[in-house]
Each structure stands twice: as C-alpha cells, then as structure tokens.
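See below for final_33.cif, which holds mmCIF, C-alpha atoms, pLDDT in the B column; chains and numbers go by the auth columns.
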data_target
#
loop_
_atom_site.group_PDB
_atom_site.id
_atom_site.type_symbol
_atom_site.label_atom_id
_atom_site.label_comp_id
_atom_site.label_asym_id
_atom_site.label_seq_id
_atom_site.Cartn_x
_atom_site.Cartn_y
_atom_site.Cartn_z
_atom_site.B_iso_or_equiv
_atom_site.auth_seq_id
_atom_site.auth_asym_id
ATOM 1 C CA MET A 1 19.569 -50.912 -4.803 91.00 1 X
ATOM 2 C CA LYS A 2 21.422 -53.968 -3.501 91.00 2 X
ATOM 3 C CA TYR A 3 18.621 -54.688 -1.028 92.00 3 X
ATOM 4 C CA LEU A 4 16.022 -54.588 -3.818 89.00 4 X
ATOM 5 C CA ASN A 5 18.144 -56.664 -6.187 91.00 5 X
ATOM 6 C CA PHE A 6 17.611 -53.771 -8.556 90.00 6 X
ATOM 7 C CA GLU A 7 19.950 -55.048 -11.254 88.00 7 X
ATOM 8 C CA ALA A 8 17.546 -57.982 -11.794 90.00 8 X
ATOM 9 C CA ARG A 9 14.606 -55.635 -12.414 88.00 9 X
ATOM 10 C CA SER A 10 15.462 -55.110 -16.055 83.00 10 X
ATOM 11 C CA LYS A 11 12.389 -53.007 -16.871 88.00 11 X
ATOM 12 C CA ARG A 12 13.054 -50.558 -14.025 92.00 12 X
ATOM 13 C CA ARG A 13 15.402 -47.615 -14.323 95.00 13 X
ATOM 14 C CA PHE A 14 17.134 -45.540 -11.684 96.00 14 X
ATOM 15 C CA TYR A 15 18.093 -42.077 -12.885 97.00 15 X
ATOM 16 C CA LEU A 16 20.706 -39.980 -11.129 97.00 16 X
ATOM 17 C CA LEU A 17 21.013 -36.406 -12.379 97.00 17 X
ATOM 18 C CA ASP A 18 23.769 -34.218 -11.012 96.00 18 X
ATOM 19 C CA THR A 19 26.524 -31.850 -12.030 95.00 19 X
ATOM 20 C CA PHE A 20 28.897 -34.069 -10.038 94.00 20 X
ATOM 21 C CA ALA A 21 30.753 -30.840 -9.351 91.00 21 X
ATOM 22 C CA ALA A 22 29.905 -27.283 -8.337 91.00 22 X
ATOM 23 C CA ILE A 23 26.418 -25.791 -8.322 92.00 23 X
ATOM 24 C CA PRO A 24 26.213 -23.591 -11.441 92.00 24 X
ATOM 25 C CA GLU A 25 26.723 -19.930 -10.505 92.00 25 X
ATOM 26 C CA ASP A 26 23.807 -18.758 -12.629 94.00 26 X
ATOM 27 C CA GLN A 27 21.345 -20.877 -10.651 94.00 27 X
ATOM 28 C CA PHE A 28 21.753 -19.085 -7.335 94.00 28 X
ATOM 29 C CA LEU A 29 19.049 -16.553 -6.545 94.00 29 X
ATOM 30 C CA ASP A 30 20.282 -13.182 -5.296 94.00 30 X
ATOM 31 C CA GLU A 31 18.700 -13.951 -1.930 94.00 31 X
ATOM 32 C CA GLU A 32 20.558 -17.287 -1.732 93.00 32 X
ATOM 33 C CA ILE A 33 23.818 -15.464 -2.399 92.00 33 X
ATOM 34 C CA ARG A 34 22.992 -12.892 0.319 92.00 34 X
ATOM 35 C CA ARG A 35 22.264 -15.731 2.737 91.00 35 X
ATOM 36 C CA GLY A 36 25.651 -17.328 2.026 89.00 36 X
ATOM 37 C CA SER A 37 24.506 -20.396 0.092 89.00 37 X
ATOM 38 C CA ARG A 38 27.175 -19.996 -2.571 89.00 38 X
ATOM 39 C CA GLU A 39 29.929 -20.091 0.049 89.00 39 X
ATOM 40 C CA SER A 40 28.255 -22.935 1.951 87.00 40 X
ATOM 41 C CA TYR A 41 28.404 -25.179 -1.093 87.00 41 X
ATOM 42 C CA ALA A 42 31.816 -24.119 -2.394 82.00 42 X
ATOM 43 C CA ASP A 43 33.300 -27.459 -1.295 78.00 43 X
ATOM 44 C CA TYR A 44 30.940 -29.231 -3.718 77.00 44 X
ATOM 45 C CA ALA A 45 33.260 -28.148 -6.523 78.00 45 X
ATOM 46 C CA VAL A 46 35.226 -31.400 -6.374 86.00 46 X
ATOM 47 C CA ASP A 47 34.406 -33.486 -9.441 92.00 47 X
ATOM 48 C CA CYS A 48 32.949 -36.818 -8.297 93.00 48 X
ATOM 49 C CA TYR A 49 31.514 -38.141 -11.568 96.00 49 X
ATOM 50 C CA GLU A 50 33.934 -41.069 -11.895 97.00 50 X
ATOM 51 C CA GLN A 51 33.237 -42.071 -8.296 96.00 51 X
ATOM 52 C CA ALA A 52 29.482 -42.093 -9.004 96.00 52 X
ATOM 53 C CA VAL A 53 29.993 -44.221 -12.112 97.00 53 X
ATOM 54 C CA GLU A 54 32.054 -46.665 -10.062 97.00 54 X
ATOM 55 C CA ASN A 55 29.457 -46.758 -7.259 96.00 55 X
ATOM 56 C CA PHE A 56 26.731 -47.782 -9.717 96.00 56 X
ATOM 57 C CA ARG A 57 28.763 -50.059 -12.001 95.00 57 X
ATOM 58 C CA ASP A 58 26.944 -53.188 -10.776 93.00 58 X
ATOM 59 C CA PHE A 59 23.586 -51.732 -11.825 94.00 59 X
ATOM 60 C CA PRO A 60 23.229 -51.590 -15.621 93.00 60 X
ATOM 61 C CA ASN A 61 19.752 -50.108 -15.232 94.00 61 X
ATOM 62 C CA ALA A 62 21.128 -47.118 -13.315 96.00 62 X
ATOM 63 C CA ILE A 63 21.408 -44.190 -15.691 97.00 63 X
ATOM 64 C CA ILE A 64 23.791 -41.464 -14.658 98.00 64 X
ATOM 65 C CA ILE A 65 23.206 -38.117 -16.325 98.00 65 X
ATOM 66 C CA ARG A 66 25.861 -35.470 -15.884 98.00 66 X
ATOM 67 C CA GLY A 67 24.915 -31.820 -16.114 97.00 67 X
ATOM 68 C CA ALA A 68 22.777 -29.137 -14.567 97.00 68 X
ATOM 69 C CA VAL A 69 19.034 -29.379 -14.016 97.00 69 X
ATOM 70 C CA PRO A 70 16.906 -28.263 -15.847 97.00 70 X
ATOM 71 C CA ASP A 71 19.157 -28.722 -18.914 97.00 71 X
ATOM 72 C CA THR A 72 19.356 -32.489 -18.403 98.00 72 X
ATOM 73 C CA LEU A 73 15.719 -33.247 -17.543 98.00 73 X
ATOM 74 C CA GLU A 74 14.734 -34.158 -21.097 97.00 74 X
ATOM 75 C CA GLN A 75 17.308 -36.974 -21.011 98.00 75 X
ATOM 76 C CA VAL A 76 15.097 -38.854 -18.565 98.00 76 X
ATOM 77 C CA GLU A 77 13.108 -41.220 -20.772 96.00 77 X
ATOM 78 C CA ALA A 78 10.813 -42.465 -18.005 96.00 78 X
ATOM 79 C CA GLU A 79 7.128 -41.827 -18.556 96.00 79 X
ATOM 80 C CA ARG A 80 6.175 -43.001 -15.063 96.00 80 X
ATOM 81 C CA VAL A 81 8.066 -42.315 -11.850 97.00 81 X
ATOM 82 C CA CYS A 82 7.383 -44.032 -8.531 95.00 82 X
ATOM 83 C CA PHE A 83 9.869 -42.136 -6.324 97.00 83 X
ATOM 84 C CA LEU A 84 11.610 -38.785 -6.676 98.00 84 X
ATOM 85 C CA HIS A 85 14.295 -37.475 -4.331 98.00 85 X
ATOM 86 C CA ILE A 86 15.194 -33.821 -4.837 98.00 86 X
ATOM 87 C CA ASP A 87 18.424 -32.556 -3.278 96.00 87 X
ATOM 88 C CA MET A 88 20.113 -29.750 -5.191 94.00 88 X
ATOM 89 C CA ASN A 89 20.371 -27.334 -2.248 93.00 89 X
ATOM 90 C CA ILE A 90 18.967 -24.288 -4.076 95.00 90 X
ATOM 91 C CA VAL A 91 15.516 -23.220 -5.241 97.00 91 X
ATOM 92 C CA VAL A 92 15.581 -22.895 -9.029 97.00 92 X
ATOM 93 C CA PRO A 93 16.661 -26.380 -10.167 97.00 93 X
ATOM 94 C CA GLU A 94 14.640 -28.057 -7.423 98.00 94 X
ATOM 95 C CA ILE A 95 11.351 -26.414 -8.357 98.00 95 X
ATOM 96 C CA LEU A 96 11.964 -26.934 -12.063 98.00 96 X
ATOM 97 C CA ALA A 97 12.617 -30.638 -11.432 98.00 97 X
ATOM 98 C CA ALA A 98 9.466 -30.937 -9.306 98.00 98 X
ATOM 99 C CA ARG A 99 7.378 -29.319 -12.032 98.00 99 X
ATOM 100 C CA PHE A 100 8.932 -31.496 -14.733 98.00 100 X
ATOM 101 C CA PHE A 101 8.296 -34.749 -12.869 98.00 101 X
ATOM 102 C CA TRP A 102 4.937 -34.039 -11.211 98.00 102 X
ATOM 103 C CA ASP A 103 2.794 -35.323 -14.080 97.00 103 X
ATOM 104 C CA LYS A 104 5.058 -38.363 -14.443 97.00 104 X
ATOM 105 C CA LEU A 105 4.616 -39.392 -10.799 98.00 105 X
ATOM 106 C CA VAL A 106 2.234 -42.315 -10.476 97.00 106 X
ATOM 107 C CA PRO A 107 -0.598 -42.113 -7.918 97.00 107 X
ATOM 108 C CA GLY A 108 0.851 -42.911 -4.497 96.00 108 X
ATOM 109 C CA ALA A 109 4.394 -41.958 -5.530 97.00 109 X
ATOM 110 C CA PHE A 110 6.514 -40.033 -3.064 98.00 110 X
ATOM 111 C CA MET A 111 8.566 -36.909 -3.662 98.00 111 X
ATOM 112 C CA LEU A 112 11.229 -36.457 -0.973 98.00 112 X
ATOM 113 C CA LEU A 113 12.552 -32.919 -0.501 98.00 113 X
ATOM 114 C CA ASP A 114 15.924 -33.109 1.192 97.00 114 X
ATOM 115 C CA ASP A 115 16.299 -29.614 2.694 93.00 115 X
ATOM 116 C CA TYR A 116 12.658 -28.654 3.155 97.00 116 X
ATOM 117 C CA GLY A 117 12.514 -28.151 6.926 94.00 117 X
ATOM 118 C CA TRP A 118 15.911 -26.615 7.585 92.00 118 X
ATOM 119 C CA LEU A 119 16.115 -22.972 8.632 87.00 119 X
ATOM 120 C CA GLY A 120 18.893 -22.211 6.147 86.00 120 X
ATOM 121 C CA HIS A 121 16.645 -23.380 3.313 92.00 121 X
ATOM 122 C CA ALA A 122 13.570 -21.232 3.956 94.00 122 X
ATOM 123 C CA LEU A 123 13.485 -20.130 0.316 95.00 123 X
ATOM 124 C CA GLN A 124 13.101 -23.739 -0.785 96.00 124 X
ATOM 125 C CA LYS A 125 10.390 -24.340 1.812 97.00 125 X
ATOM 126 C CA ASP A 126 8.452 -21.294 0.618 97.00 126 X
ATOM 127 C CA ALA A 127 8.763 -22.347 -3.031 98.00 127 X
ATOM 128 C CA PHE A 128 7.651 -25.913 -2.307 98.00 128 X
ATOM 129 C CA ASP A 129 4.780 -24.741 -0.127 98.00 129 X
ATOM 130 C CA GLU A 130 3.534 -22.741 -3.113 98.00 130 X
ATOM 131 C CA PHE A 131 4.147 -25.716 -5.434 98.00 131 X
ATOM 132 C CA ALA A 132 2.125 -27.997 -3.141 98.00 132 X
ATOM 133 C CA SER A 133 -0.683 -25.465 -2.716 98.00 133 X
ATOM 134 C CA GLU A 134 -1.043 -25.135 -6.495 97.00 134 X
ATOM 135 C CA ARG A 135 -1.532 -28.908 -6.688 97.00 135 X
ATOM 136 C CA GLY A 136 -3.835 -29.244 -3.697 96.00 136 X
ATOM 137 C CA VAL A 137 -1.428 -31.364 -1.667 97.00 137 X
ATOM 138 C CA GLU A 138 0.369 -30.890 1.620 97.00 138 X
ATOM 139 C CA ILE A 139 3.974 -31.442 2.589 98.00 139 X
ATOM 140 C CA LEU A 140 4.769 -33.539 5.632 98.00 140 X
ATOM 141 C CA THR A 141 7.811 -32.211 7.495 97.00 141 X
ATOM 142 C CA LEU A 142 9.854 -35.185 8.687 97.00 142 X
ATOM 143 C CA PRO A 143 12.015 -35.213 11.841 96.00 143 X
ATOM 144 C CA THR A 144 15.045 -35.409 9.523 96.00 144 X
ATOM 145 C CA GLY A 145 14.261 -31.928 8.171 95.00 145 X
ATOM 146 C CA GLN A 146 13.086 -33.392 4.891 98.00 146 X
ATOM 147 C CA GLY A 147 9.682 -32.815 3.347 98.00 147 X
ATOM 148 C CA LEU A 148 7.496 -35.552 1.897 98.00 148 X
ATOM 149 C CA ILE A 149 4.763 -35.203 -0.705 98.00 149 X
ATOM 150 C CA MET A 150 2.579 -38.083 -1.811 97.00 150 X
ATOM 151 C CA LYS A 151 0.994 -37.839 -5.247 97.00 151 X
ATOM 152 C CA PRO A 152 -2.691 -38.452 -4.609 95.00 152 X
ATOM 153 C CA SER A 153 -4.825 -40.847 -6.564 86.00 153 X
ATOM 154 C CA THR A 154 -7.965 -38.954 -5.575 66.00 154 X
ATOM 155 C CA GLY A 155 -8.628 -36.168 -3.135 52.00 155 X
ATOM 156 C CA ARG A 156 -5.936 -34.797 -0.881 53.00 156 X
ATOM 157 C CA ALA A 157 -2.729 -36.408 0.307 47.00 157 X
ATOM 158 C CA ILE A 158 0.144 -35.757 2.648 48.00 158 X
#
I need this file expressed as structure tokens, please.
Amino acid sequence: MKYLNFEARSKRRFYLLDTFAAIPEDQFLDEEIRRGSRESYADYAVDCYEQAVENFRDFPNAIIIRGAVPDTLEQVEAERVCFLHIDMNIVVPEILAARFFWDKLVPGAFMLLDDYGWLGHALQKDAFDEFASERGVEILTLPTGQGLIMKPSTGRAI
C-alpha cells in the first residue's frame, strides 16, 4: 500500500476481513478436524486486532472488518473488486468468500488462493477446482503453492 501511495487514492478501498483471533470451531469440516487442521491453527488464537489497526493507521481508505466470514461479507460495500486474496486456511469460509465476490470481480481481476497447492490443504484444492470448473476457468498453481484465477472478460482464462 505504501508503494502504491494508496492513501492518496481516495476512491479506492482496501478491505481486510478476519477474526483477528482463532478460526471459529464451527467452521471446521469433520475431515479437516481428522486431518489435524484444528490443532495446526491453534496458535492463531492470539488476538491481533489492535496490531492490525495500528499497521493500517496511515491508510484511511483501509477498512478493517472484524469477525468470521461469511458473517462479515455483507459489510463490504464494494461493488467492483480488482484483486481478492483468500487465506482463511479452511474450506467453508474460503469457498463462501469466493462465491460472494465472484460476480463483483471485474474482468481481468485476480483471485489469489493462498493454500491451494499444498498437500495439507487438499480439501481446499478440491473445492476450488470444483468452483473453477463451474465457472469455466482454470486455476494456475504457482511455485509458492498458491493458486491464481483470473476473471475472464470473454472466453477462458487462467
């Protein structure tokens, strides 16, 4: 945001949605619990909301929304989205966020899926593969383990 001089782009908004604490227990799928995801993310229980507010204090057009997805999605007032980064570590909120934002993504917008290519996140990969197939797009697996979807303007896209 500093590189882009984002604070000077008064008509642009940056939304950050997070619990800023633990992943809600009721969002884990049984299979994620069996695979140990709940234990893997137990250290996320530290409340970091105030730190996030401090990190973004120089950006008045950064909107920080505290709470669980999908409950907080309707607080995003943007009608058009040019970039979406999804990183909630479990299937349910990630897919619900992708579905919520898909129609808001402008042609050529990118959706970055943080855990897409990692072995421990096969459930997310499967869910996003189905999501992409339903929309006639493909997901590019990046060397970082992330997945990248481009919203097409016409025809197919990566």
Q: Convert the output of the PyMOL selection byres ((chain X and resi 1) around 10) on the shown file into explicit residues, formatted as a list in words.
A: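 Selected by the PyMOL selection byres ((chain X and resi 1) around 10) here: Lys2, Tyr3, Leu4, Asn5, Phe6, Glu7, Phe14, Phe56, Asp58, Phe59 and Ala62 of chain X.
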**Q.** Atom-to-atom span, atom CA of X:Leu16 and atom CA of X:Met111, Å
**A.** 14.6 Å
Q.
Quick check on the file I pasted: which residues fall under the PyMOL selection byres ((chain X and resi 74-81) around 7)? Write them as a PyMOL selection string.
A. chain X and resi 72-73+82-83+104-106
**Q.** Close residues, X:Glu50 itself excluded, 12 Å, only C-alpha atoms, min 5 positions apart in chain, as a PyMOL selection string
**A.** chain X and resi 19-21+55-57+64-66
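Atom CA of X:Trp102 lies 25.2 Å from atom CA of X:Gly120.
Using only C-alpha atoms, the smallest distance between any of X:Pro143, X:Val92, X:Phe101, X:Ser153 and X:Trp118 comes from X:Pro143.
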Q.
Using all atoms listed in the file for the distances, tell me which of X:Arg135, X:Ile90, X:Met150, X:Asn61 is nearest to X:Ala8.
A.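 Looking only at the distances to X:Ala8, the closest residue turns out to be X:Asn61.
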Q. Using all atoms listed in the file, which residues sit within 9 Å of X:Glu94 once same-chain residues fewer than 6 positions away are excluded, as a PyMOL selection string?
A. chain X and resi 69-70+86-88+113+124+128
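With all atoms listed in the file as the atoms that count, the residue of X:Glu25, X:Glu31, X:Tyr15, X:Ala45 with the shortest distance to X:Pro93 is X:Glu25.
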Q) Just how far from atom CA of X:Thr144 is atom CA of X:Asp115, in Å to one decimal? A)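 That distance, rounded to one decimal, is 9.0 Å.
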Q: Please identify all polymer residues within 12 Å of X:Tyr41, counting only C-alpha atoms, omitting same-chain residues fewer than 2 positions from it, and present them as a PyMOL selection string.
A: chain X and resi 21-25+28+32-33+35-39+43-46+88-90
Q: May I have the residues within 12 Å of stretch 139-142 of chain X as a ChimeraX atom specification, using all atoms listed in the file and disregarding those fewer than 3 positions away in the same chain?
A: /X:110-118,125-133,135-136,145-151,156-158
**Q.** Pick from X:Ala98, X:Val53, X:Ala42, X:Ile63 nearest to X:Arg12, counting all atoms listed in the file
**A.**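 Comparing X:Ala98, X:Val53, X:Ala42, X:Ile63 against X:Arg12, the winner is X:Ile63.
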